[in-house]
Amino acid sequence: MNGKKILIVDDDQQLVLGLTARLKANGYKVVCATDAISAITVARKEAPDLVILDIGLPAGDGFLVIERMRDLPDLVATPVIVLSARDPTDNKKRALDAGALAFFQKPLDNHEFLTAIRQAMGEAIALSAFLKT
Amino acid sequence: MNAEASGRVEASEFLPAAIPISSSHTASMDEIGSPELSPKLRADLLDLDAWGPILATYGRTMRVAVALTDDRGRVLGKCHNAQPVWMLVHGAAPVRRAGCPFCITTGPPCAAVDEALQTDTVVIVRDEAGLTHVAVPLLLGKRHLGAIIAGQVFDRYPETMSLRRIAKEFGVSAQELWNVARKQRPVGIAMLQASGDLLCALGHAFLQQRYGAILEAKLAAANGRFRLLIEGARDCALFTMDLTGRVTSWNGGAQRLLGYAEAEIVGQNFSCMYTAEDIQNRVPEKQLRKALQAGRAENEGWRVRSNREQFWGNVNITAMLEGAGPVGGCAIVMQDATERREIAVVLEESRQERTRLQEKLLSHVSHELRTPLTAIYLFTTNVLDGLLGDLNPEQREHLTFALDNVKQLKSMVSDLLEITRVETHKLTVEPQHVNPVKLIAEVLGTCLTNAAVKKVNLRSDVAPSLPFIWADPARVRQILTNLIDNGIKFTPADGTVTVASRPLVGNDDCLTLSISDTGCGIGPENRDIIFDRLAQIESATEASRSGLGLGLFISKELVSRHGGRIWVESQLGHGSTFFFTLPVFSLAKLCAPVFTAPNLEAGSVTLIAVDILPVAGAVQADIVSEIRKVLERCIHPAQDMLLPSMSDAEPVETFFLVACTDARGFNVIARRIGRELQTFDNSSKLKPIISSTTLLIAPSESSDMQVREITVRIEQLVQAHLLDKEPLK
């Protein structure tokens, strides 16, 4: 257990449930938020090491969340990975320009996604350790 | 003397049986090649009603007989002022002799008319009775039209001997003939010559005048028809204007279309038919100038009627030439195209709307499918990976099937989205410097599971080293995966799917890869259609009929966006081989826009290496792409080039710039890069090392050779630099 904390922001409860199990199995602590406003509140309160962010959210959208985070000194450096069902053609660039580290389109691939999380947090742990297969 | 021949003298009376000169006459016409006068124009030019009074007056005044003939000497109409001796003889034996109608002769008739026409001179002839006549040619240009014969007079006192012979020959009383001849006053030969010349001038002048009158009448008729035509063009505004754009004529259609009456508009500038904005932008002047320069100008735009109402006008301006001289003005044809335009606009809007809706629907469907698919994927993999406890083999097997289906669905949803991109022209490729061997190995690795499930052998026959390609790795992966999965799908158990590379021939600029299977094959009739969207061949076994049939269509689109081509070779029952080509990476081609003659003339090319060393840890992938953006800002796009990453390792912290500059220029660029990177990395986590190598160009070589040598040298330097760096990692 490395104890790093990840915030999942997604209004799809089932996705949150499924992803939480996967992340916990890989040793992460998981907190979640289901809309754009609580995303910021939870992020400020929990100070996660990484945020997994959906774009289509109630009360705003993922882009807004990233922008808001970049304005807050305590969240400005927190890495963000976007996970959305939207077409990456335009959204990927927009997300990266806003300050996201990576853009993943749903459905994700566990292997690639966990690698990106690990990279984002600057961890250098062998891949095999992450995949409980 | 004044007695005229009673009644009309019919031309047929003088019709010669055969005149040999007529054929030579035709030949001479051919020789000069003048266009034939139409029989109608000939008849109009020699119209007896017009000629009659002239000839009658001449005959009376000059006291000679006179007649008009055609170009073969046949009298047209009557002989005016026929003289008594001739009348007496001809009255007795009118059809006795063929040939010249004036000649009284027992021998062959004179050929005065023909001679006059051939020589274009007045010919004087004296016949056996001692009577003289002149033949005056009527020519229009070089075209023989006819002649005037005048005479039937003695040019000296009549001879009794010859008259007596004629009387006997023609069956006339000698006494009577003598009495008549005695009373007929002779006309001296000089006088005859002079009157012949006068007649020639007169005839020529009259012919010209007649010709002019005929042309004028024709022109007037044509003008009348033209005017009727212009007036009759109801749906078209037809008008003319002078060089300054002032209206000079106006038809009924123009009045209907633009609302101005002819009296109102003539003299006004045509710019009054344009909108205020067009007038401000000097559109009317520009269009007029264009028409005057190019001879013609066509345009469409909003035009204004006299009541300020606007319509969409299609306007054709044609410069009018006056003969071979300068342009005299312009003719304008204007049509109301408002309705046509409205229809076109509506059609275009509906097309766009349809595309937009289709795009929206497909992206919505794709989005909506992805959300539940993600949940299924997550739960399936969670259980399968034992996150919720151990599984028995059967449970594991069933869940593996579920996961395979999820993956299949996922790829179908992705295909749907790709189709939307193709249709909305959003399917893009971002080419990079790619190692195809490595890429193929990666793809084969991901396809292994699928092949194993279907018990199909997956084989690689790819050369151990291939040239780098200039392609989008994600897209090439997609093409290869599509084709390999396709092969696996249509190959029965124990069959083989082989990925191979074709050896490069000479300096091929593209790499050919092939994917062959031992499946059912494709009939010749289907080889072209399989690349169409939603194509899947009927005969495919039911088991293979899975998927949307979009894979090959998408692959074709992707290959063509790389500038390559894709095709299939196959035989029914003997498997298929799909081939596709991708461009080989060429530094020379990539650098071509920078290595222009003026840039090369500067004499030196500098290769700049920028190594970014992190102060602690590794440089992250996203930082690398940000640094790329920073460096791109530092270069002059026409003179410098930031080379693509040319190493196998990703991400690479070394960047290369090619600059057409010398050592001094390098210092400027290096300072700029240092400054920009400092601004970017304000917390100083990165340490840039900027180094350079200057390549001097031998000026004697051709520019192609120069580029080739420079690029080879740059490639060597880059490889050496990267190798040099290897131990640092």
# chains A, B, ... in the order shown; residues from 1 in each chain; ligands from 1
call {"tool": "closest_atom_pairs", "arguments": {"of": "chain A", "to": "chain B", "cutoff": "6 Å", "atoms": "only C-alpha atoms", "output": "tab-separated table"}}
result
residue	atom	partner	partner_atom	distance
A:Leu15	CA	B:Ala375	CA	5.3
A:Gly18	CA	B:Leu378	CA	5.3
A:Ala85	CA	B:His367	CA	5.2
A:Arg86	CA	B:His367	CA	5.9
A:Lys106	CA	B:Arg370	CA	5.9
A:Pro107	CA	B:Thr374	CA	4.3
A:Thr133	CA	B:Asp385	CA	4.9
call {"tool": "residues_around", "arguments": {"residues": "Ile710 (chain B)", "least_positions_apart": "4", "cutoff": "9 Å", "atoms": "only C-alpha atoms", "output": "JSON, numbers by chain"}}
result
{"B": [588, 605, 695, 697, 705, 706, 714, 715]}
call {"tool": "write_last_selection", "arguments": {"atoms": "N, CA and C atoms", "output": "mmCIF file, in the first residue's frame"}}
result
data_model
loop_
_atom_site.group_PDB
_atom_site.id
_atom_site.type_symbol
_atom_site.label_atom_id
_atom_site.label_comp_id
_atom_site.auth_asym_id
_atom_site.auth_seq_id
_atom_site.Cartn_x
_atom_site.Cartn_y
_atom_site.Cartn_z
ATOM 1 N N ALA B 588 15.228 14.553 -46.279
ATOM 2 C CA ALA B 588 15.363 15.473 -47.414
ATOM 3 C C ALA B 588 14.002 16.061 -47.786
ATOM 4 N N VAL B 605 24.735 25.280 -43.036
ATOM 5 C CA VAL B 605 23.566 24.757 -42.335
ATOM 6 C C VAL B 605 24.055 24.351 -40.950
ATOM 7 N N LEU B 695 27.547 22.814 -40.796
ATOM 8 C CA LEU B 695 27.896 22.074 -42.014
ATOM 9 C C LEU B 695 28.124 23.090 -43.113
ATOM 10 N N ILE B 697 28.592 24.107 -46.936
ATOM 11 C CA ILE B 697 28.129 23.524 -48.201
ATOM 12 C C ILE B 697 29.072 23.913 -49.319
ATOM 13 N N MET B 705 21.788 17.598 -55.102
ATOM 14 C CA MET B 705 22.915 16.886 -54.487
ATOM 15 C C MET B 705 23.202 17.449 -53.110
ATOM 16 N N GLN B 706 23.185 18.780 -53.052
ATOM 17 C CA GLN B 706 23.450 19.469 -51.794
ATOM 18 C C GLN B 706 22.490 18.993 -50.716
ATOM 19 N N ILE B 714 23.173 15.241 -41.663
ATOM 20 C CA ILE B 714 22.365 15.549 -40.468
ATOM 21 C C ILE B 714 21.922 14.260 -39.791
ATOM 22 N N GLU B 715 21.465 13.298 -40.606
ATOM 23 C CA GLU B 715 21.022 12.016 -40.047
ATOM 24 C C GLU B 715 22.149 11.362 -39.248
#
call {"tool": "select_by_dssp", "arguments": {"residues": "region 28-96 of chain A", "states": "strand (DSSP E)", "output": "PyMOL selection string"}}
result
chain A and resi 29-33+50-53+56-57+60-61+80-84
call {"tool": "write_last_selection", "arguments": {"atoms": "N, CA and C atoms", "output": "PDB file, in the first residue's frame"}}
result
ATOM      1  N   LYS A  29      -5.769   5.092  -2.134  1.00  0.00           N
ATOM      2  CA  LYS A  29      -6.952   5.489  -1.376  1.00  0.00           C
ATOM      3  C   LYS A  29      -7.825   6.237  -2.366  1.00  0.00           C
ATOM      4  N   VAL A  30      -9.132   6.052  -2.283  1.00  0.00           N
ATOM      5  CA  VAL A  30     -10.011   6.692  -3.264  1.00  0.00           C
ATOM      6  C   VAL A  30     -11.072   7.529  -2.570  1.00  0.00           C
ATOM      7  N   VAL A  31     -11.219   8.757  -3.053  1.00  0.00           N
ATOM      8  CA  VAL A  31     -12.358   9.577  -2.624  1.00  0.00           C
ATOM      9  C   VAL A  31     -13.106   9.961  -3.891  1.00  0.00           C
ATOM     10  N   CYS A  32     -14.382  10.335  -3.760  1.00  0.00           N
ATOM     11  CA  CYS A  32     -15.084  10.687  -5.001  1.00  0.00           C
ATOM     12  C   CYS A  32     -16.003  11.875  -4.846  1.00  0.00           C
ATOM     13  N   ALA A  33     -16.319  12.448  -6.024  1.00  0.00           N
ATOM     14  CA  ALA A  33     -17.265  13.560  -6.106  1.00  0.00           C
ATOM     15  C   ALA A  33     -18.084  13.341  -7.366  1.00  0.00           C
ATOM     16  N   LEU A  50      -3.949  12.878  -7.056  1.00  0.00           N
ATOM     17  CA  LEU A  50      -4.317  12.872  -8.483  1.00  0.00           C
ATOM     18  C   LEU A  50      -5.838  12.943  -8.600  1.00  0.00           C
ATOM     19  N   VAL A  51      -6.298  13.548  -9.673  1.00  0.00           N
ATOM     20  CA  VAL A  51      -7.745  13.626  -9.897  1.00  0.00           C
ATOM     21  C   VAL A  51      -8.084  12.935 -11.220  1.00  0.00           C
ATOM     22  N   ILE A  52      -9.048  12.014 -11.161  1.00  0.00           N
ATOM     23  CA  ILE A  52      -9.573  11.412 -12.388  1.00  0.00           C
ATOM     24  C   ILE A  52     -10.890  12.115 -12.654  1.00  0.00           C
ATOM     25  N   LEU A  53     -10.984  12.755 -13.811  1.00  0.00           N
ATOM     26  CA  LEU A  53     -12.078  13.706 -14.028  1.00  0.00           C
ATOM     27  C   LEU A  53     -12.883  13.385 -15.287  1.00  0.00           C
ATOM     28  N   GLY A  56     -18.392  15.528 -18.836  1.00  0.00           N
ATOM     29  CA  GLY A  56     -19.808  15.841 -18.673  1.00  0.00           C
ATOM     30  C   GLY A  56     -20.223  15.670 -17.212  1.00  0.00           C
ATOM     31  N   LEU A  57     -20.410  16.793 -16.526  1.00  0.00           N
ATOM     32  CA  LEU A  57     -20.732  16.733 -15.092  1.00  0.00           C
ATOM     33  C   LEU A  57     -21.915  17.643 -14.782  1.00  0.00           C
ATOM     34  N   GLY A  60     -21.691  22.237 -14.133  1.00  0.00           N
ATOM     35  CA  GLY A  60     -20.439  22.683 -14.755  1.00  0.00           C
ATOM     36  C   GLY A  60     -19.885  21.563 -15.609  1.00  0.00           C
ATOM     37  N   ASP A  61     -18.623  21.669 -15.998  1.00  0.00           N
ATOM     38  CA  ASP A  61     -18.020  20.534 -16.692  1.00  0.00           C
ATOM     39  C   ASP A  61     -16.574  20.358 -16.275  1.00  0.00           C
ATOM     40  N   VAL A  80      -4.118  15.961 -13.178  1.00  0.00           N
ATOM     41  CA  VAL A  80      -5.490  15.599 -13.553  1.00  0.00           C
ATOM     42  C   VAL A  80      -5.446  14.686 -14.781  1.00  0.00           C
ATOM     43  N   ILE A  81      -6.164  13.566 -14.709  1.00  0.00           N
ATOM     44  CA  ILE A  81      -6.322  12.712 -15.892  1.00  0.00           C
ATOM     45  C   ILE A  81      -7.800  12.735 -16.256  1.00  0.00           C
ATOM     46  N   VAL A  82      -8.077  13.079 -17.488  1.00  0.00           N
ATOM     47  CA  VAL A  82      -9.476  13.142 -17.906  1.00  0.00           C
ATOM     48  C   VAL A  82      -9.899  11.776 -18.418  1.00  0.00           C
ATOM     49  N   LEU A  83     -11.064  11.335 -17.984  1.00  0.00           N
ATOM     50  CA  LEU A  83     -11.639  10.066 -18.451  1.00  0.00           C
ATOM     51  C   LEU A  83     -13.059  10.368 -18.880  1.00  0.00           C
ATOM     52  N   SER A  84     -13.260  10.360 -20.194  1.00  0.00           N
ATOM     53  CA  SER A  84     -14.567  10.785 -20.691  1.00  0.00           C
ATOM     54  C   SER A  84     -15.000   9.901 -21.853  1.00  0.00           C
TER      55      SER A  84
END
call {"tool": "atom_distance", "arguments": {"atom1": "CA of Leu643 (chain B)", "atom2": "CA of Pro688 (chain B)"}}
result
17.2 Å
call {"tool": "closest_atom_pairs", "arguments": {"of": "region 132-221 of chain B", "to": "region 67-75 of chain B", "cutoff": "12 Å", "atoms": "only C-alpha atoms", "output": "JSON lines"}}
result
{"residue": "B:His133", "atom": "CA", "partner": "B:Ala67", "partner_atom": "CA", "distance": 10.8}
{"residue": "B:Val134", "atom": "CA", "partner": "B:Ala67", "partner_atom": "CA", "distance": 10.7}
{"residue": "B:Ala135", "atom": "CA", "partner": "B:Gly73", "partner_atom": "CA", "distance": 9.3}
{"residue": "B:Val136", "atom": "CA", "partner": "B:Leu68", "partner_atom": "CA", "distance": 9.6}
{"residue": "B:Pro137", "atom": "CA", "partner": "B:Asp71", "partner_atom": "CA", "distance": 8.6}
{"residue": "B:Leu138", "atom": "CA", "partner": "B:Asp71", "partner_atom": "CA", "distance": 8.3}
{"residue": "B:Leu139", "atom": "CA", "partner": "B:Asp71", "partner_atom": "CA", "distance": 9.3}
{"residue": "B:Leu140", "atom": "CA", "partner": "B:Asp71", "partner_atom": "CA", "distance": 11.7}
{"residue": "B:Arg143", "atom": "CA", "partner": "B:Asp71", "partner_atom": "CA", "distance": 9.6}
{"residue": "B:His144", "atom": "CA", "partner": "B:Asp71", "partner_atom": "CA", "distance": 6.0}
{"residue": "B:Leu145", "atom": "CA", "partner": "B:Asp71", "partner_atom": "CA", "distance": 5.3}
{"residue": "B:Gly146", "atom": "CA", "partner": "B:Asp71", "partner_atom": "CA", "distance": 3.8}
{"residue": "B:Ala147", "atom": "CA", "partner": "B:Thr69", "partner_atom": "CA", "distance": 5.2}
{"residue": "B:Ile148", "atom": "CA", "partner": "B:Leu68", "partner_atom": "CA", "distance": 4.6}
{"residue": "B:Ile149", "atom": "CA", "partner": "B:Ala67", "partner_atom": "CA", "distance": 5.4}
{"residue": "B:Ala150", "atom": "CA", "partner": "B:Ala67", "partner_atom": "CA", "distance": 6.4}
{"residue": "B:Gly151", "atom": "CA", "partner": "B:Ala67", "partner_atom": "CA", "distance": 9.3}
{"residue": "B:Gln152", "atom": "CA", "partner": "B:Ala67", "partner_atom": "CA", "distance": 10.8}
{"residue": "B:Leu199", "atom": "CA", "partner": "B:Ala67", "partner_atom": "CA", "distance": 11.5}
{"residue": "B:Gly203", "atom": "CA", "partner": "B:Leu68", "partner_atom": "CA", "distance": 10.0}
call {"tool": "residues_around", "arguments": {"residues": "Ala120 (chain A)", "least_positions_apart": "3", "cutoff": "7 Å", "atoms": "only C-alpha atoms", "output": "list in words"}}
result
Pro79, Ala116 and Ile117 of chain A
call {"tool": "write_last_selection", "arguments": {"atoms": "N, CA and C atoms", "output": "compact mmCIF listing (two decimals), in the first residue's frame"}}
result
# COMPACT_ATOMS: atom_id res chain seq x y z
N PRO A 79 -2.03 16.69 -10.33
CA PRO A 79 -2.24 16.18 -11.69
C PRO A 79 -3.68 15.73 -11.94
N ALA A 116 -0.64 5.27 -16.77
CA ALA A 116 -0.69 6.74 -16.83
C ALA A 116 -0.78 7.33 -15.43
N ILE A 117 -1.58 6.70 -14.55
CA ILE A 117 -1.72 7.20 -13.19
C ILE A 117 -0.35 7.16 -12.50
call {"tool": "atom_distance", "arguments": {"atom1": "CA of Val266 (chain B)", "atom2": "CA of Ser249 (chain B)"}}
result
6.3 Å
call {"tool": "closest_residue", "arguments": {"among": "A:Arg22, A:Arg44, A:His111, A:Lys93", "to": "Thr78 (chain A)", "atoms": "only C-alpha atoms"}}
result
A:Arg44
call {"tool": "atom_distance", "arguments": {"atom1": "CA of Phe239 (chain B)", "atom2": "CA of Val327 (chain B)"}}
result
15.9 Å
call {"tool": "residues_around", "arguments": {"residues": "Gly171 (chain B)", "least_positions_apart": "3", "cutoff": "10 Å", "atoms": "only C-alpha atoms", "output": "list in words"}}
result
Val89, Ala92, Ala93, Arg165, Ile166, Ala167, Lys168 and Ala174 of chain B
call {"tool": "closest_residue", "arguments": {"among": "A:Ala47, A:Leu19, A:Leu7, A:Leu96", "to": "Asp109 (chain A)", "atoms": "only C-alpha atoms"}}
result
A:Leu19
call {"tool": "select_by_dssp", "arguments": {"residues": "region 14-124 of chain A", "states": "alpha helix (DSSP H)", "output": "MDAnalysis selection string"}}
result
chainID A and resid 14:25 36:46 62:71 88:98 110:120
call {"tool": "residues_around", "arguments": {"residues": "region 569-581 of chain B", "least_positions_apart": "2", "cutoff": "8 Å", "atoms": "only C-alpha atoms", "output": "count of residues only"}}
result
23
call {"tool": "residues_around", "arguments": {"residues": "Ala609 (chain B)", "least_positions_apart": "4", "cutoff": "8 Å", "atoms": "only C-alpha atoms", "output": "ChimeraX atom specification"}}
result
/B:654-657,689-692
